[in-house]
file structure.tsv (TSV, C-alpha atoms and all ligand atoms)
chain	number	residue	atom	x	y	z
E	1	MET	CA	21.26	11.77	-22.24
E	2	ALA	CA	18.96	13.10	-19.54
E	3	HIS	CA	15.54	11.49	-19.15
E	4	GLN	CA	12.59	13.85	-19.71
E	5	ILE	CA	9.93	12.96	-17.16
E	6	ALA	CA	6.60	14.56	-16.29
E	7	LEU	CA	6.15	15.08	-12.55
E	8	ILE	CA	2.81	15.71	-10.91
E	9	PRO	CA	3.84	16.45	-7.30
E	10	GLY	CA	0.19	16.18	-6.26
E	11	ASP	CA	-1.70	17.40	-3.19
E	12	GLY	CA	-1.18	17.16	0.57
E	13	ILE	CA	2.06	15.27	1.26
E	14	GLY	CA	2.56	14.80	-2.52
E	15	PRO	CA	5.02	17.69	-2.94
E	16	GLU	CA	6.99	16.57	0.16
E	17	VAL	CA	7.48	12.99	-1.03
E	18	SER	CA	8.09	14.16	-4.62
E	19	ARG	CA	10.91	16.51	-3.56
E	20	ALA	CA	12.42	13.70	-1.51
E	21	VAL	CA	12.36	11.36	-4.51
E	22	GLN	CA	13.88	14.00	-6.81
E	23	ARG	CA	16.77	14.48	-4.37
E	24	ILE	CA	17.33	10.75	-3.92
E	25	LEU	CA	17.38	10.01	-7.66
E	26	LYS	CA	19.85	12.84	-8.14
E	27	ALA	CA	22.07	11.37	-5.42
E	28	ALA	CA	21.89	8.06	-7.31
E	29	GLY	CA	23.51	9.85	-10.25
E	30	LEU	CA	20.48	9.94	-12.52
E	31	GLU	CA	20.15	12.77	-14.99
E	32	ILE	CA	16.50	13.70	-15.16
E	33	VAL	CA	14.80	16.82	-16.49
E	34	TRP	CA	11.53	17.05	-14.56
E	35	HIS	CA	8.55	18.72	-16.24
E	36	GLU	CA	6.34	19.76	-13.32
E	37	LEU	CA	2.59	19.78	-13.77
E	38	ASP	CA	-0.31	20.62	-11.49
E	39	ALA	CA	-3.31	18.32	-11.31
E	40	GLY	CA	-5.91	17.47	-8.67
E	41	ALA	CA	-6.83	20.09	-6.06
E	42	ALA	CA	-3.66	22.02	-6.96
E	43	ALA	CA	-5.04	22.66	-10.47
E	44	ILE	CA	-8.64	23.54	-9.66
E	45	GLU	CA	-8.02	27.14	-8.56
E	46	GLN	CA	-5.78	27.98	-11.52
E	47	TYR	CA	-7.47	26.03	-14.32
E	48	GLY	CA	-10.97	25.26	-13.03
E	49	THR	CA	-10.41	21.56	-13.64
E	50	GLN	CA	-8.55	18.75	-11.88
E	51	LEU	CA	-6.94	17.57	-15.07
E	52	PRO	CA	-6.04	20.41	-17.46
E	53	GLU	CA	-5.61	19.37	-21.10
E	54	HIS	CA	-1.94	20.45	-21.18
E	55	VAL	CA	-1.17	17.93	-18.41
E	56	VAL	CA	-2.50	15.08	-20.55
E	57	GLU	CA	-0.69	16.43	-23.63
E	58	THR	CA	2.65	16.77	-21.82
E	59	ILE	CA	2.50	13.23	-20.42
E	60	SER	CA	1.52	11.88	-23.87
E	61	ARG	CA	4.51	13.64	-25.40
E	62	LEU	CA	7.08	12.67	-22.73
E	63	LYS	CA	5.65	9.10	-22.39
E	64	VAL	CA	6.65	8.70	-18.74
E	65	ALA	CA	5.29	10.39	-15.61
E	66	LEU	CA	5.73	10.14	-11.86
E	67	LYS	CA	2.65	11.17	-9.94
E	68	GLY	CA	2.02	12.07	-6.32
E	69	PRO	CA	-1.36	11.50	-4.64
E	70	LEU	CA	-4.27	13.73	-5.69
E	71	THR	CA	-7.02	14.83	-3.34
E	72	THR	CA	-10.47	14.11	-4.73
E	73	PRO	CA	-12.74	16.89	-3.44
E	74	ILE	CA	-15.91	15.39	-2.00
E	75	GLY	CA	-19.33	16.76	-2.95
E	76	THR	CA	-18.09	19.37	-5.43
E	77	GLY	CA	-18.98	17.69	-8.69
E	78	PHE	CA	-15.31	17.11	-9.62
E	79	SER	CA	-14.64	13.50	-10.59
E	80	SER	CA	-11.35	11.75	-9.82
E	81	ALA	CA	-8.37	13.06	-11.81
E	82	ASN	CA	-6.72	9.65	-11.34
E	83	VAL	CA	-9.53	7.90	-13.17
E	84	ALA	CA	-9.63	10.59	-15.91
E	85	LEU	CA	-5.87	10.29	-16.45
E	86	ARG	CA	-6.11	6.51	-16.91
E	87	LYS	CA	-8.97	6.90	-19.38
E	88	LYS	CA	-7.47	9.73	-21.44
E	89	LEU	CA	-4.07	8.08	-21.75
E	90	ASP	CA	-5.55	4.57	-22.16
E	91	LEU	CA	-3.40	3.26	-19.29
E	92	TYR	CA	-5.03	-0.15	-19.41
E	93	ALA	CA	-2.72	-2.12	-17.13
E	94	CYS	CA	-2.46	-1.44	-13.42
E	95	LEU	CA	0.66	-3.01	-11.98
E	96	ARG	CA	1.29	-3.55	-8.26
E	97	PRO	CA	4.37	-5.45	-7.15
E	98	VAL	CA	3.96	-6.53	-3.53
E	99	ALA	CA	6.94	-7.79	-1.54
E	100	ASN	CA	8.12	-7.88	2.07
E	101	LEU	CA	10.49	-5.09	2.99
E	102	PRO	CA	13.25	-5.30	5.58
E	103	GLY	CA	12.31	-3.85	8.96
E	104	ILE	CA	8.58	-4.08	8.31
E	105	LYS	CA	7.33	-6.99	10.34
E	106	THR	CA	4.09	-8.52	9.11
E	107	ARG	CA	2.39	-11.89	9.58
E	108	PHE	CA	4.04	-13.31	6.49
E	109	ASP	CA	7.59	-13.60	5.19
E	110	ASN	CA	8.56	-14.41	1.62
E	111	VAL	CA	5.68	-12.54	-0.02
E	112	ASN	CA	6.82	-11.54	-3.48
E	113	LEU	CA	4.02	-11.26	-6.00
E	114	VAL	CA	2.70	-8.95	-8.69
E	115	VAL	CA	-0.92	-8.01	-9.29
E	116	VAL	CA	-1.88	-7.10	-12.86
E	117	ARG	CA	-5.31	-5.47	-13.06
E	118	GLU	CA	-7.33	-4.59	-16.15
E	119	ASN	CA	-7.99	-0.89	-15.78
E	120	THR	CA	-10.57	0.11	-18.37
E	121	GLU	CA	-13.74	-1.98	-18.24
E	122	GLY	CA	-15.63	-4.59	-16.23
E	123	LEU	CA	-17.96	-3.07	-13.65
E	124	TYR	CA	-15.94	0.18	-13.76
E	125	SER	CA	-17.21	1.04	-17.23
E	126	GLY	CA	-19.49	3.56	-15.52
E	127	ILE	CA	-22.62	2.45	-17.39
E	128	GLU	CA	-25.35	2.67	-14.77
E	129	HIS	CA	-29.02	3.56	-15.04
E	130	GLU	CA	-32.33	3.37	-13.29
E	131	VAL	CA	-34.61	0.78	-14.89
E	132	VAL	CA	-37.71	1.82	-12.95
E	133	PRO	CA	-37.85	3.77	-9.68
E	134	GLY	CA	-36.19	1.67	-7.01
E	135	VAL	CA	-34.35	-0.60	-9.47
E	136	VAL	CA	-30.92	0.28	-10.87
E	137	GLU	CA	-28.49	-1.53	-13.14
E	138	SER	CA	-24.71	-1.35	-13.51
E	139	LEU	CA	-23.34	-3.03	-16.60
E	140	LYS	CA	-20.24	-5.20	-16.55
E	141	VAL	CA	-18.51	-4.82	-19.91
E	142	SER	CA	-15.91	-7.27	-21.17
E	143	SER	CA	-14.34	-7.04	-24.61
E	144	ARG	CA	-12.06	-9.51	-26.38
E	145	ARG	CA	-9.69	-6.66	-27.21
E	146	ALA	CA	-9.26	-5.52	-23.58
E	147	CYS	CA	-9.07	-9.05	-22.12
E	148	THR	CA	-6.48	-10.08	-24.71
E	149	ARG	CA	-4.23	-7.04	-24.34
E	150	ILE	CA	-4.16	-7.26	-20.52
E	151	SER	CA	-3.36	-10.98	-20.72
E	152	LYS	CA	-0.55	-10.32	-23.18
E	153	PHE	CA	0.74	-7.52	-20.95
E	154	ALA	CA	0.86	-9.91	-17.97
E	155	PHE	CA	2.68	-12.69	-19.84
E	156	ASP	CA	5.18	-10.27	-21.40
E	157	TYR	CA	5.83	-8.81	-17.95
E	158	ALA	CA	6.35	-12.32	-16.55
E	159	LEU	CA	8.92	-13.08	-19.25
E	160	ARG	CA	10.83	-9.83	-18.74
E	161	HIS	CA	10.89	-10.14	-14.95
E	162	ASN	CA	11.55	-13.87	-14.63
E	163	ARG	CA	8.18	-14.66	-13.13
E	164	ARG	CA	7.20	-18.32	-13.42
E	165	ARG	CA	3.46	-18.56	-12.82
E	166	ILE	CA	0.33	-16.53	-13.59
E	167	THR	CA	-2.93	-17.18	-11.75
E	168	VAL	CA	-6.11	-15.67	-13.16
E	169	LEU	CA	-8.68	-14.82	-10.47
E	170	HIS	CA	-12.22	-15.02	-11.86
E	171	LYS	CA	-15.84	-15.80	-11.19
E	172	ALA	CA	-16.67	-17.48	-14.49
E	173	ASN	CA	-18.76	-20.08	-12.66
E	174	ILE	CA	-21.35	-17.31	-12.12
E	175	MET	CA	-20.51	-14.68	-14.75
E	176	LYS	CA	-20.15	-17.15	-17.54
E	177	MET	CA	-20.06	-14.62	-20.36
E	178	THR	CA	-17.97	-11.71	-19.04
E	179	ASP	CA	-15.48	-13.64	-16.88
E	180	GLY	CA	-15.76	-16.53	-19.32
E	181	LEU	CA	-14.44	-14.25	-22.07
E	182	PHE	CA	-11.63	-13.08	-19.79
E	183	LEU	CA	-10.60	-16.73	-19.25
E	184	ASP	CA	-10.88	-17.55	-22.97
E	185	CYS	CA	-8.53	-14.71	-23.85
E	186	ALA	CA	-6.07	-15.49	-21.04
E	187	ARG	CA	-5.95	-19.18	-22.05
E	188	GLU	CA	-5.35	-18.26	-25.68
E	189	ILE	CA	-2.45	-15.96	-24.79
E	190	ALA	CA	-1.05	-18.51	-22.29
E	191	ARG	CA	-0.55	-20.99	-25.15
E	192	ASP	CA	2.08	-18.63	-26.63
E	193	TYR	CA	4.13	-18.70	-23.40
E	194	PRO	CA	4.80	-22.37	-22.66
E	195	ASP	CA	7.50	-21.58	-20.09
E	196	ILE	CA	5.10	-19.73	-17.84
E	197	GLU	CA	2.76	-21.86	-15.78
E	198	TYR	CA	-0.88	-20.83	-16.19
E	199	ARG	CA	-3.50	-21.35	-13.47
E	200	GLU	CA	-7.05	-20.28	-12.74
E	201	MET	CA	-8.70	-19.80	-9.37
E	202	ILE	CA	-12.15	-18.59	-8.38
E	203	VAL	CA	-11.62	-15.17	-6.82
E	204	ASP	CA	-13.21	-15.86	-3.42
E	205	ALA	CA	-11.20	-19.06	-2.93
E	206	GLY	CA	-8.15	-17.19	-4.23
E	207	CYS	CA	-8.58	-14.49	-1.57
E	208	MET	CA	-8.71	-17.14	1.14
E	209	ARG	CA	-5.52	-18.76	-0.18
E	210	LEU	CA	-3.86	-15.36	-0.42
E	211	VAL	CA	-4.30	-14.71	3.29
E	212	GLN	CA	-3.28	-18.27	4.18
E	213	GLU	CA	-0.30	-18.92	1.92
E	214	PRO	CA	0.59	-15.74	0.02
E	215	GLU	CA	4.11	-17.02	-0.61
E	216	ARG	CA	2.70	-19.60	-3.04
E	217	PHE	CA	1.57	-16.91	-5.50
E	218	ASP	CA	3.75	-15.34	-8.17
E	219	MET	CA	1.64	-13.21	-10.54
E	220	LEU	CA	-2.09	-12.56	-10.34
E	221	LEU	CA	-4.10	-11.48	-13.39
E	222	CYS	CA	-7.50	-9.94	-12.70
E	223	GLU	CA	-10.32	-8.01	-14.32
E	224	ASN	CA	-10.95	-4.53	-12.95
E	225	LEU	CA	-13.03	-4.99	-9.77
E	226	TYR	CA	-11.26	-8.12	-8.51
E	227	GLY	CA	-7.90	-6.47	-9.24
E	228	ASP	CA	-8.86	-3.37	-7.28
E	229	ILE	CA	-9.80	-5.40	-4.22
E	230	VAL	CA	-7.00	-7.97	-4.46
E	231	SER	CA	-4.28	-5.35	-4.93
E	232	ASP	CA	-5.21	-3.70	-1.61
E	233	LEU	CA	-5.60	-7.08	0.08
E	234	THR	CA	-2.10	-8.08	-0.99
E	235	ALA	CA	-0.67	-4.67	0.01
E	236	GLY	CA	-2.00	-5.45	3.49
E	237	LEU	CA	0.12	-8.62	3.57
E	238	VAL	CA	3.36	-6.60	3.49
E	239	GLY	CA	2.55	-3.53	5.57
E	240	GLY	CA	-0.20	-1.64	3.77
E	241	LEU	CA	-0.66	0.99	1.11
E	242	GLY	CA	2.09	3.19	2.58
E	243	VAL	CA	4.85	0.88	1.38
E	244	VAL	CA	3.74	-0.45	-2.00
E	245	PRO	CA	4.43	1.09	-5.38
E	246	GLY	CA	2.15	1.16	-8.39
E	247	ALA	CA	2.00	1.99	-12.06
E	248	ASN	CA	-0.63	2.48	-14.73
E	249	ILE	CA	0.72	1.47	-18.09
E	250	GLY	CA	-0.49	1.72	-21.68
E	251	ASP	CA	1.08	0.76	-24.99
E	252	SER	CA	3.30	3.83	-25.16
E	253	VAL	CA	2.72	5.85	-21.97
E	254	ALA	CA	3.29	4.93	-18.32
E	255	VAL	CA	2.40	6.76	-15.12
E	256	PHE	CA	4.10	5.61	-11.91
E	257	GLU	CA	2.52	6.49	-8.57
E	258	ALA	CA	2.42	5.75	-4.89
E	259	VAL	CA	-0.92	4.18	-4.11
E	260	HIS	CA	-1.48	5.97	-0.80
E	261	GLY	CA	-3.49	9.19	-0.63
E	262	SER	CA	-2.57	12.81	0.07
E	263	ALA	CA	-2.60	12.28	3.87
E	264	PRO	CA	-4.11	15.69	4.80
E	265	ASP	CA	-3.67	14.84	8.51
E	266	ILE	CA	0.13	15.09	8.28
E	267	ALA	CA	0.60	17.32	5.21
E	268	GLY	CA	3.10	20.15	5.64
E	269	GLN	CA	4.54	18.72	8.87
E	270	GLY	CA	7.60	17.05	7.37
E	271	LEU	CA	6.44	13.61	8.56
E	272	ALA	CA	5.55	11.96	5.25
E	273	ASN	CA	7.22	8.69	4.36
E	274	PRO	CA	8.62	8.81	0.79
E	275	THR	CA	9.08	4.99	0.59
E	276	ALA	CA	6.08	4.18	-1.63
E	277	MET	CA	6.79	7.05	-4.01
E	278	LEU	CA	10.45	6.03	-4.10
E	279	LEU	CA	9.60	2.40	-4.91
E	280	SER	CA	7.29	3.67	-7.67
E	281	ALA	CA	10.19	5.73	-8.99
E	282	CYS	CA	12.32	2.53	-8.97
E	283	MET	CA	9.67	0.81	-11.11
E	284	MET	CA	9.91	3.82	-13.42
E	285	LEU	CA	13.70	3.45	-13.60
E	286	ASP	CA	13.31	-0.25	-14.50
E	287	TYR	CA	10.84	0.78	-17.24
E	288	LEU	CA	13.39	3.30	-18.56
E	289	GLY	CA	16.12	0.64	-18.63
E	290	GLU	CA	17.94	2.12	-15.61
E	291	THR	CA	17.84	-1.17	-13.75
E	292	GLU	CA	21.29	-0.81	-12.18
E	293	ALA	CA	20.37	2.55	-10.63
E	294	ALA	CA	17.00	1.17	-9.51
E	295	GLY	CA	18.86	-1.69	-7.81
E	296	ARG	CA	21.15	0.72	-5.96
E	297	VAL	CA	18.22	2.80	-4.73
E	298	ARG	CA	16.35	-0.33	-3.53
E	299	THR	CA	19.47	-1.60	-1.75
E	300	ALA	CA	19.99	1.74	0.00
E	301	LEU	CA	16.32	1.76	1.00
E	302	SER	CA	16.62	-1.75	2.46
E	303	VAL	CA	19.52	-0.58	4.61
E	304	LEU	CA	17.53	2.40	5.93
E	305	LEU	CA	14.32	0.47	6.59
E	306	ASP	CA	16.26	-2.05	8.63
E	307	SER	CA	17.06	0.54	11.31
E	308	PRO	CA	14.50	2.40	13.50
E	309	GLN	CA	16.67	5.54	13.38
E	310	THR	CA	16.18	5.85	9.63
E	311	ARG	CA	12.62	4.52	9.39
E	312	THR	CA	9.86	7.13	9.42
E	313	ARG	CA	7.33	7.32	12.27
E	314	ASP	CA	4.49	5.58	10.40
E	315	LEU	CA	6.79	2.52	10.30
E	316	GLY	CA	7.67	2.75	13.98
E	317	GLY	CA	10.91	4.66	13.49
E	318	SER	CA	12.08	8.12	14.54
E	319	ALA	CA	13.02	9.66	11.17
E	320	ASN	CA	11.09	12.42	9.44
E	321	THR	CA	10.97	13.20	5.72
E	322	GLU	CA	14.14	15.30	5.83
E	323	THR	CA	16.29	12.93	7.90
E	324	PHE	CA	15.13	9.95	5.82
E	325	THR	CA	15.94	11.75	2.58
E	326	ALA	CA	19.34	12.95	3.80
E	327	ALA	CA	20.18	9.41	4.96
E	328	MET	CA	19.23	8.01	1.54
E	329	GLU	CA	21.40	10.61	-0.18
E	330	ALA	CA	24.34	9.78	2.09
E	331	GLN	CA	23.86	6.03	1.59
E	332	LEU	CA	23.79	6.40	-2.20
E	333	ARG	CA	26.76	8.76	-2.30
E	334	SER	CA	28.74	6.32	-0.14
E	335	GLY	CA	28.53	3.94	-3.12
E	336	VAL	CA	26.36	0.95	-2.13
E	337	THR	CA	26.22	-1.57	-4.93
E	338	SER	CA	23.30	-3.04	-6.81
E	339	LYS	CA	21.72	-6.22	-5.44
D	401	LIG	P1	-4.39	8.44	2.86
D	401	LIG	O1	-3.60	7.35	2.23
D	401	LIG	O2	-4.09	9.82	2.40
D	401	LIG	O3	-4.17	8.41	4.45
D	401	LIG	C1	-4.48	7.27	5.28
D	401	LIG	C2	-3.54	7.28	6.50
D	401	LIG	O4	-2.22	6.88	6.08
D	401	LIG	C3	-3.38	8.67	7.13
D	401	LIG	O5	-3.27	8.52	8.53
D	401	LIG	C4	-2.06	9.18	6.57
D	401	LIG	O6	-1.38	10.08	7.43
D	401	LIG	C5	-1.27	7.89	6.38
D	401	LIG	N1	-0.33	7.98	5.25
D	401	LIG	C6	-0.61	7.86	3.93
D	401	LIG	N2	0.49	8.02	3.21
D	401	LIG	C7	1.51	8.21	4.07
D	401	LIG	C8	2.91	8.44	3.90
D	401	LIG	N3	3.49	8.46	2.69
D	401	LIG	N4	3.66	8.65	5.01
D	401	LIG	C9	3.10	8.60	6.22
D	401	LIG	N5	1.79	8.38	6.46
D	401	LIG	C10	0.99	8.20	5.38
D	401	LIG	O7	-5.92	8.08	2.63
D	401	LIG	P2	-7.23	8.97	2.87
D	401	LIG	O8	-7.10	9.76	4.12
D	401	LIG	O9	-8.35	8.04	2.72
D	401	LIG	O10	-7.30	9.98	1.63
D	401	LIG	C11	-6.86	11.34	1.66
D	401	LIG	C12	-7.04	11.95	0.28
D	401	LIG	O11	-6.19	11.26	-0.65
D	401	LIG	C13	-8.46	11.86	-0.29
D	401	LIG	O12	-8.77	13.08	-0.93
D	401	LIG	C14	-8.39	10.74	-1.31
D	401	LIG	O13	-9.31	10.93	-2.35
D	401	LIG	C15	-6.96	10.89	-1.81
D	401	LIG	N6	-6.39	9.62	-2.36
D	401	LIG	C16	-5.66	9.75	-3.50
D	401	LIG	C17	-5.05	8.64	-4.05
D	401	LIG	C18	-4.21	8.82	-5.28
D	401	LIG	O14	-4.07	9.92	-5.76
D	401	LIG	N7	-3.64	7.76	-5.83
D	401	LIG	C19	-5.20	7.29	-3.47
D	401	LIG	C20	-5.97	7.29	-2.24
D	401	LIG	C21	-6.55	8.43	-1.72

call {"tool": "encode", "arguments": {"input": "structure.tsv", "output": "C-alpha cells"}}
result
Amino acid sequence: MAHQIALIPGDGIGPEVSRAVQRILKAAGLEIVWHELDAGAAAIEQYGTQLPEHVVETISRLKVALKGPLTTPIGTGFSSANVALRKKLDLYACLRPVANLPGIKTRFDNVNLVVVRENTEGLYSGIEHEVVPGVVESLKVSSRRACTRISKFAFDYALRHNRRRITVLHKANIMKMTDGLFLDCAREIARDYPDIEYREMIVDAGCMRLVQEPERFDMLLCENLYGDIVSDLTAGLVGGLGVVPGANIGDSVAVFEAVHGSAPDIAGQGLANPTAMLLSACMMLDYLGETEAAGRVRTALSVLLDSPQTRTRDLGGSANTETFTAAMEAQLRSGVTSK
C-alpha cells in the first residue's frame, strides 16, 4: 500500500530539493502519495500566516511529513513556522544523526553519532520579562514529564538502532535544580536499559572532547539549548549543515527535514544540493519501516558523493541539481543493493 506523506516543499531552494527527493524515492521503487502543503513565506500571501491551520491538521492526520526549509521573514512580526510546528504537534524530540560521508573530506574520520535534543522547554520556553528597567529575566523551565520522555525516547532509539552508549551533556554543577532534574530523570530511565552504557559529561568539557575525539561518542542526550548548539557543532565535524539530516518527532507524529536554510543566494538557479533533504527522507523511510529502500538510497548516494562529477558544487563537484538527481535515478534503477 502506498504511503501517505505530507510534503512541505518550503521556500527558496526547498521546492528544488523536494522535487529531486520525490524523483529519487520514486526511482527507488517507493509508492508514496504526497500531500503538498504550503507553509513559511509561501503561505503568507495566500493565507496571511506562515503556518495555516490546515497544514497542522493534515500533518496530524497523516502522521508523517517531509519538510523543506522555510524562510523566516525578518522584522515583519511573523514568528518562525518551524518553531510553531514543533509546538503545535508536540514534536518533543529533535534527532540529528551525524556521520562522515564518502567524498567529503573533513578533519575527522569515523564520526558516527546521534544527537537527541529536548525540543520543548529549557531556556526556549519563551518566558521572558523585564523585572525593572534595565534588568530582564529569561526563565529556564524543566519538568519531570519532559525530561523523562526525552530520556526514554533516546534509550528506545539506542535499542532500535544498535547504539551502545548514551552521554548526557549537562551543567548540573551550576544549574542544580533544572539540569539536576534532567540528570535525575535520565538516570532513572537508564536503569531500565542495562545493555546501554550511560555516561554524564559537563557540557563545556563535552564540547572540547567532541572536537578532539568525536569518534569516541555514540549518542548524546541534551536539554534544549545545549542540544541546539551541540547539534550544529557536530554537523561541522562532518561537513556542515548542508549534509546532515534531521527530524522532529513526537509520540505519534514525525516531521523530517533538512537542517539547512532556504539558501536565497542560489534559489532558482538549479544549483541546490539535495543531499541533506535526501538523507532526511532516508530517516523517514527507516521510521516507516522501509529500511531496505533507505539502505539502497544511502548506498547510491555514497557512490555519487565519491566522485566529483556527481557531487554538487557546494561539495567541490561539478554536478547541479538536475544532473545529481538524474545520476541518483540511474544508479537506483541499475539495481544497487542495500548495505
Ligand atoms: P542557508 O542554510 O539558507 O544558507 C547558508 C549557505 O549555505 C548559503 O551560501 C547557501 O547557498 C548554502 N546552502 C544551504 N543549503 C544548501 C544546499 N542544499 N545546497 C547548496 N548550498 C546550500 O542559511 P541562511 O542564509 O542563514 O538562511 C536563509 C533563510 O533560511 C533564512 O530565512 C532562515 O531563516 C532560513 N532557515 C530555515 C531553516 C529551516 O527551515 N529549517 C534553517 C535555517 C535557516

call {"tool": "residues_near_ligand", "arguments": {"input": "structure.tsv", "ligand": "ligand LIG 401 (chain D)", "cutoff": "9 Å", "atoms": "only C-alpha atoms and all ligand atoms", "output": "CSV table (one decimal) with C-alpha atoms, keeping the file's coordinate frame"}}
result
chain,number,residue,atom,x,y,z
E,10,GLY,CA,0.2,16.2,-6.3
E,11,ASP,CA,-1.7,17.4,-3.2
E,12,GLY,CA,-1.2,17.2,0.6
E,13,ILE,CA,2.1,15.3,1.3
E,14,GLY,CA,2.6,14.8,-2.5
E,17,VAL,CA,7.5,13.0,-1.0
E,40,GLY,CA,-5.9,17.5,-8.7
E,41,ALA,CA,-6.8,20.1,-6.1
E,67,LYS,CA,2.6,11.2,-9.9
E,68,GLY,CA,2.0,12.1,-6.3
E,69,PRO,CA,-1.4,11.5,-4.6
E,70,LEU,CA,-4.3,13.7,-5.7
E,71,THR,CA,-7.0,14.8,-3.3
E,72,THR,CA,-10.5,14.1,-4.7
E,73,PRO,CA,-12.7,16.9,-3.4
E,74,ILE,CA,-15.9,15.4,-2.0
E,80,SER,CA,-11.4,11.8,-9.8
E,81,ALA,CA,-8.4,13.1,-11.8
E,82,ASN,CA,-6.7,9.6,-11.3
E,241,LEU,CA,-0.7,1.0,1.1
E,242,GLY,CA,2.1,3.2,2.6
E,243,VAL,CA,4.8,0.9,1.4
E,257,GLU,CA,2.5,6.5,-8.6
E,258,ALA,CA,2.4,5.8,-4.9
E,259,VAL,CA,-0.9,4.2,-4.1
E,260,HIS,CA,-1.5,6.0,-0.8
E,261,GLY,CA,-3.5,9.2,-0.6
E,262,SER,CA,-2.6,12.8,0.1
E,263,ALA,CA,-2.6,12.3,3.9
E,264,PRO,CA,-4.1,15.7,4.8
E,265,ASP,CA,-3.7,14.8,8.5
E,266,ILE,CA,0.1,15.1,8.3
E,267,ALA,CA,0.6,17.3,5.2
E,271,LEU,CA,6.4,13.6,8.6
E,272,ALA,CA,5.6,12.0,5.2
E,273,ASN,CA,7.2,8.7,4.4
E,274,PRO,CA,8.6,8.8,0.8
E,275,THR,CA,9.1,5.0,0.6
E,276,ALA,CA,6.1,4.2,-1.6
E,277,MET,CA,6.8,7.0,-4.0
E,312,THR,CA,9.9,7.1,9.4
E,313,ARG,CA,7.3,7.3,12.3
E,314,ASP,CA,4.5,5.6,10.4
E,315,LEU,CA,6.8,2.5,10.3
E,321,THR,CA,11.0,13.2,5.7

call {"tool": "atom_distance", "arguments": {"input": "structure.tsv", "atom1": "CA of Asp38 in chain E", "atom2": "CA of Thr58 in chain E"}}
result
11.4 Å

call {"tool": "atom_distance", "arguments": {"input": "structure.tsv", "atom1": "CA of Asp204 in chain E", "atom2": "CA of Gly250 in chain E"}}
result
28.4 Å

call {"tool": "residues_near_point", "arguments": {"input": "structure.tsv", "point": "(7.8, 7.0, -24.0)", "cutoff": "7 Å", "atoms": "all atoms listed in the file", "output": "PyMOL selection string"}}
result
chain E and resi 62-64+252-253

call {"tool": "residues_around", "arguments": {"input": "structure.tsv", "residues": "Gln331 in chain E", "least_positions_apart": "3", "cutoff": "12 Å", "atoms": "only C-alpha atoms", "output": "list of chain:residue names"}}
result
E:Ile24, E:Leu25, E:Ala27, E:Ala28, E:Arg296, E:Val297, E:Arg298, E:Thr299, E:Ala300, E:Leu301, E:Ser302, E:Val303, E:Leu304, E:Thr310, E:Phe324, E:Thr325, E:Ala326, E:Ala327, E:Met328, E:Ser334, E:Gly335, E:Val336, E:Thr337

call {"tool": "closest_residue", "arguments": {"input": "structure.tsv", "among": "E:Ile5, E:Gln212, E:Leu159, E:Cys207", "to": "Pro194 in chain E", "atoms": "only C-alpha atoms"}}
result
E:Leu159

call {"tool": "atom_distance", "arguments": {"input": "structure.tsv", "atom1": "CA of Ala84 in chain E", "atom2": "CA of Ser143 in chain E"}}
result
20.2 Å

call {"tool": "closest_residue", "arguments": {"input": "structure.tsv", "among": "E:Met208, E:Leu51, E:Val136, E:Leu30", "to": "Ile8 in chain E", "atoms": "all atoms listed in the file"}}
result
E:Leu51
